[in-house]
Amino acid sequence: MTDLVRQAFHGFEQQPLREYAERAYLDYSMYVVLDRALPFIGDGLKPVQRRIIYSMSELGLSASAKPKKSARTVGDVIGKYHPHGDSPCYEALVLMAQPFSYRYPLIEGQGNFGSTDDPKSFAAMRYTESKLSPIAEVLLGELGQGTVDWTANFDGTLEEPSWMPARLPHLLLNGTTGIAVGMATDVPPHNLNEIVSALLRLIDEPNASIAELCEHVKGPDYPTTAEIITPPADLRNIYETGYGSVRARATFVKEANNIVITALPHQVSPSKVIEQIAAQMRAKKLPWLEDIRDESDHANPVRVVLMPRSNRVDAEQLMGHLFATTDLERSYRVNLNVIGLDGRPQVKNLKMLLEEWLRFRQDTVTRRLNHRLQKVERRLHLLEGLLVAFLNLDEVIHIIRTEDDAKAALIARFELSEDQADYILDTKLKQLARLEEMKIRGEQDELAKERDKILSILQSSAKLRKLVRDELQADAKKFGDERRSPLVQRGAAQAIDETELVASEPMTVVLSEKGWVRAAKGHDVDGATLSYRDGDSLLAATRTRSTQQVAFLDSDGRAYSTPVHTLPSARGNGEPLTGRFSPASGTSFVTLASGDNNSRFVLASSHGYGFVTRFENLVGRNKAGKAMLNLSTGSAVLTPSTVTNVETDRIVAVTSAGNMLAIPASELPELDKGKGNKIIEIPKAKLSTERVVAVVAVSPGNTLLVRSGQRTMNLSFKDLETYLGTRATRGHLLPRGWQKVEGLEVQ
């Protein structure tokens, strides 16, 4: 190290970067936990909220005062107590003034303070005015009565309260949320009357269980009238553990044929819900709904009207679907993590919260009584000296006029204390002469009674509890109200199955040679007559219904599926299947099939192997498809054919050499996937030149059409007896001229 470097670092402490970073991060973490994100159990406020409330009280913005510009309050807060940004400070002020955000707003705002539709649409602070609401009195009423500790502000020029002497547990009344380093808090709001009722029960019965306290605190109470549908057992578990979640559901009424949503869960905006419902309507996932209209106004803050297509629509079923798929039903996390009286963060259950707050309240009342006792005793002491002065008024006046040190002379003559002598000397002669002995003695008697009463309370824990109890009851009578969020037991919302939302219509799915797919309405559609992109043509088509799935098989034997109603219309060229699925490189889509889940199909390869399977086995949600038909080298996938009845149907296979074999469908195994059994024999020597052209299932009463060039041969179910044989044999040759078979079709 050079001399220059040594001189530069002379007088500085040196330490490893790891230790410095670790200590700095821990200090920051503790600051965030204790001084920013988590509330104190006593007043339930975060520092910025506490400073806003205190600054407003210092500005004289009480509930009975005239409001002032919010910018004035914000300026005082950030200039005197909270040296941070004005925007977050103003947002904290606005939040405490929004009746849809706070269950019991602490601030009364004038101007645009946002709306349920957009809580952050409030006007700038230079346009709005604010003052404290009446309930803020429970936080500030005892502030100047020796109830709190005071700390210096950030620059040491002023003092601010370390907490507010709350007369009610504001933490549980308005709730709070916060994210600290490594921990978070989510305390829901509650009803004032219910919380006070539980506190009174705990004062009377300190050993009351959480279950007994839950007889009073039935659950959270949000600012909206949306229903809380969380089962009582789950709510009790939240209050026992401090963790859990609460579900709230919108309320609705029927008006004629319309459904009117009248209340939304907490912090859910009507515009967002309308957007979510409209998105489903555009995606054709809500065919039952014709239109949606927002009729919310000042008189009806939430009024969203849903117009079903007909009066036959089941409103309960439709709303159940919307509850499951939109924010009409919402879950709220609960994490009762707060800073306790010991200054440490901890997740507390309901009883711990109420017990600690009661200790906080009793300590506050004790400090208030001691503060008042000191004032009463000082006043009694001064009155005692004043009475001496009044009874010896002429002599007191003479001493004041003649003595150089009147204070010392009064103390020596009448055995007064310095405070008594100062008080006498500070009293104007005019007032002293007007004093009457009866008035002095009357005030002494009143103060003595008050002193005795205070002492009796301080010396008796029972009387102290009764005083706390009476004050809680008085505040509950003054500020309490009815529960807003009704507790209703309801079952979980169920989304309507996608197929139920779609009208059942006949459809024809058409697949092109290049893998483009589309769906046409009706079963009388000829895929060959549709227009195709240049160089493209019809590959395969299948009849189905709009409520069913359609499955596609690729050249590797993998199956892919999608709902029919989601396919594009046949009016255009459709869309490529590669946009929906992800087949392996080098593979192509070769055929398709559709039906109900229990429909059976025969799957076969061009080497003559196959099996029967249910359609549900062809259905998969993976974009990469699912392995279905195992192919031997050189074989290809044949078009699946519907098996109506395994016991009566016949499986017919025909080769390119003109060999046709019919076997009972029951001779083929029913598999979920695989290669299957041999249906018709192709000698190994001929595998390079001969292949199976088609494999179909024929039911009694059906006709088999054998296509060869431009000609078609019709074979009835009875005619197939000529070609009946044992599975895995060569079958019988078709008549001359029909041995170059191009395909089989069942009618």
# chains A, B, ... in the order shown; residues from 1 in each chain; ligands from 1

$ residues_around --residues "A:Thr644" --least-positions-apart "2" --cutoff "8 Å" --atoms "only C-alpha atoms" --output "number ranges by chain"
A: 599-600, 642, 646, 649, 697, 699

$ select_by_dssp --residues "stretch 100-220 of chain A" --states "alpha helix (DSSP H)" --output "list in words"
Glu137, Val138, Leu139, Leu140, His170, Leu171, Leu172, Leu173, Asn174, Leu192, Asn193, Glu194, Ile195, Val196, Ser197, Ala198, Leu199, Leu200, Arg201, Leu202, Ile203, Asp204, Ile210, Ala211, Glu212 and Leu213 of chain A

$ residues_around --residues "stretch 481-492 of chain A" --least-positions-apart "3" --cutoff "8 Å" --atoms "only C-alpha atoms" --output "PyMOL selection string"
chain A and resi 191-193+219-231

$ residues_around --residues "A:Phe113" --least-positions-apart "3" --cutoff "9 Å" --atoms "only C-alpha atoms" --output "PyMOL selection string"
chain A and resi 94-95+97-98+109-110+119-123+128

$ atom_distance --atom1 "atom CA of A:Lys69" --atom2 "atom CA of A:Phe100"
21.7 Å

$ atom_distance --atom1 "atom CA of A:Ile107" --atom2 "atom CA of A:Leu93"
7.6 Å

$ atom_distance --atom1 "atom CA of A:Asn598" --atom2 "atom CA of A:Ile663"
22.4 Å

$ select_by_dssp --residues "stretch 262-490 of chain A" --states "strand (DSSP E or B)" --output "PyMOL selection string"
chain A and resi 262-263+289-294+304-308+329-335+337-339+345-347+487

$ closest_residue --among "A:Leu472, A:Leu328, A:Met164, A:Val304" --to "A:Trp150" --atoms "only C-alpha atoms"
A:Met164
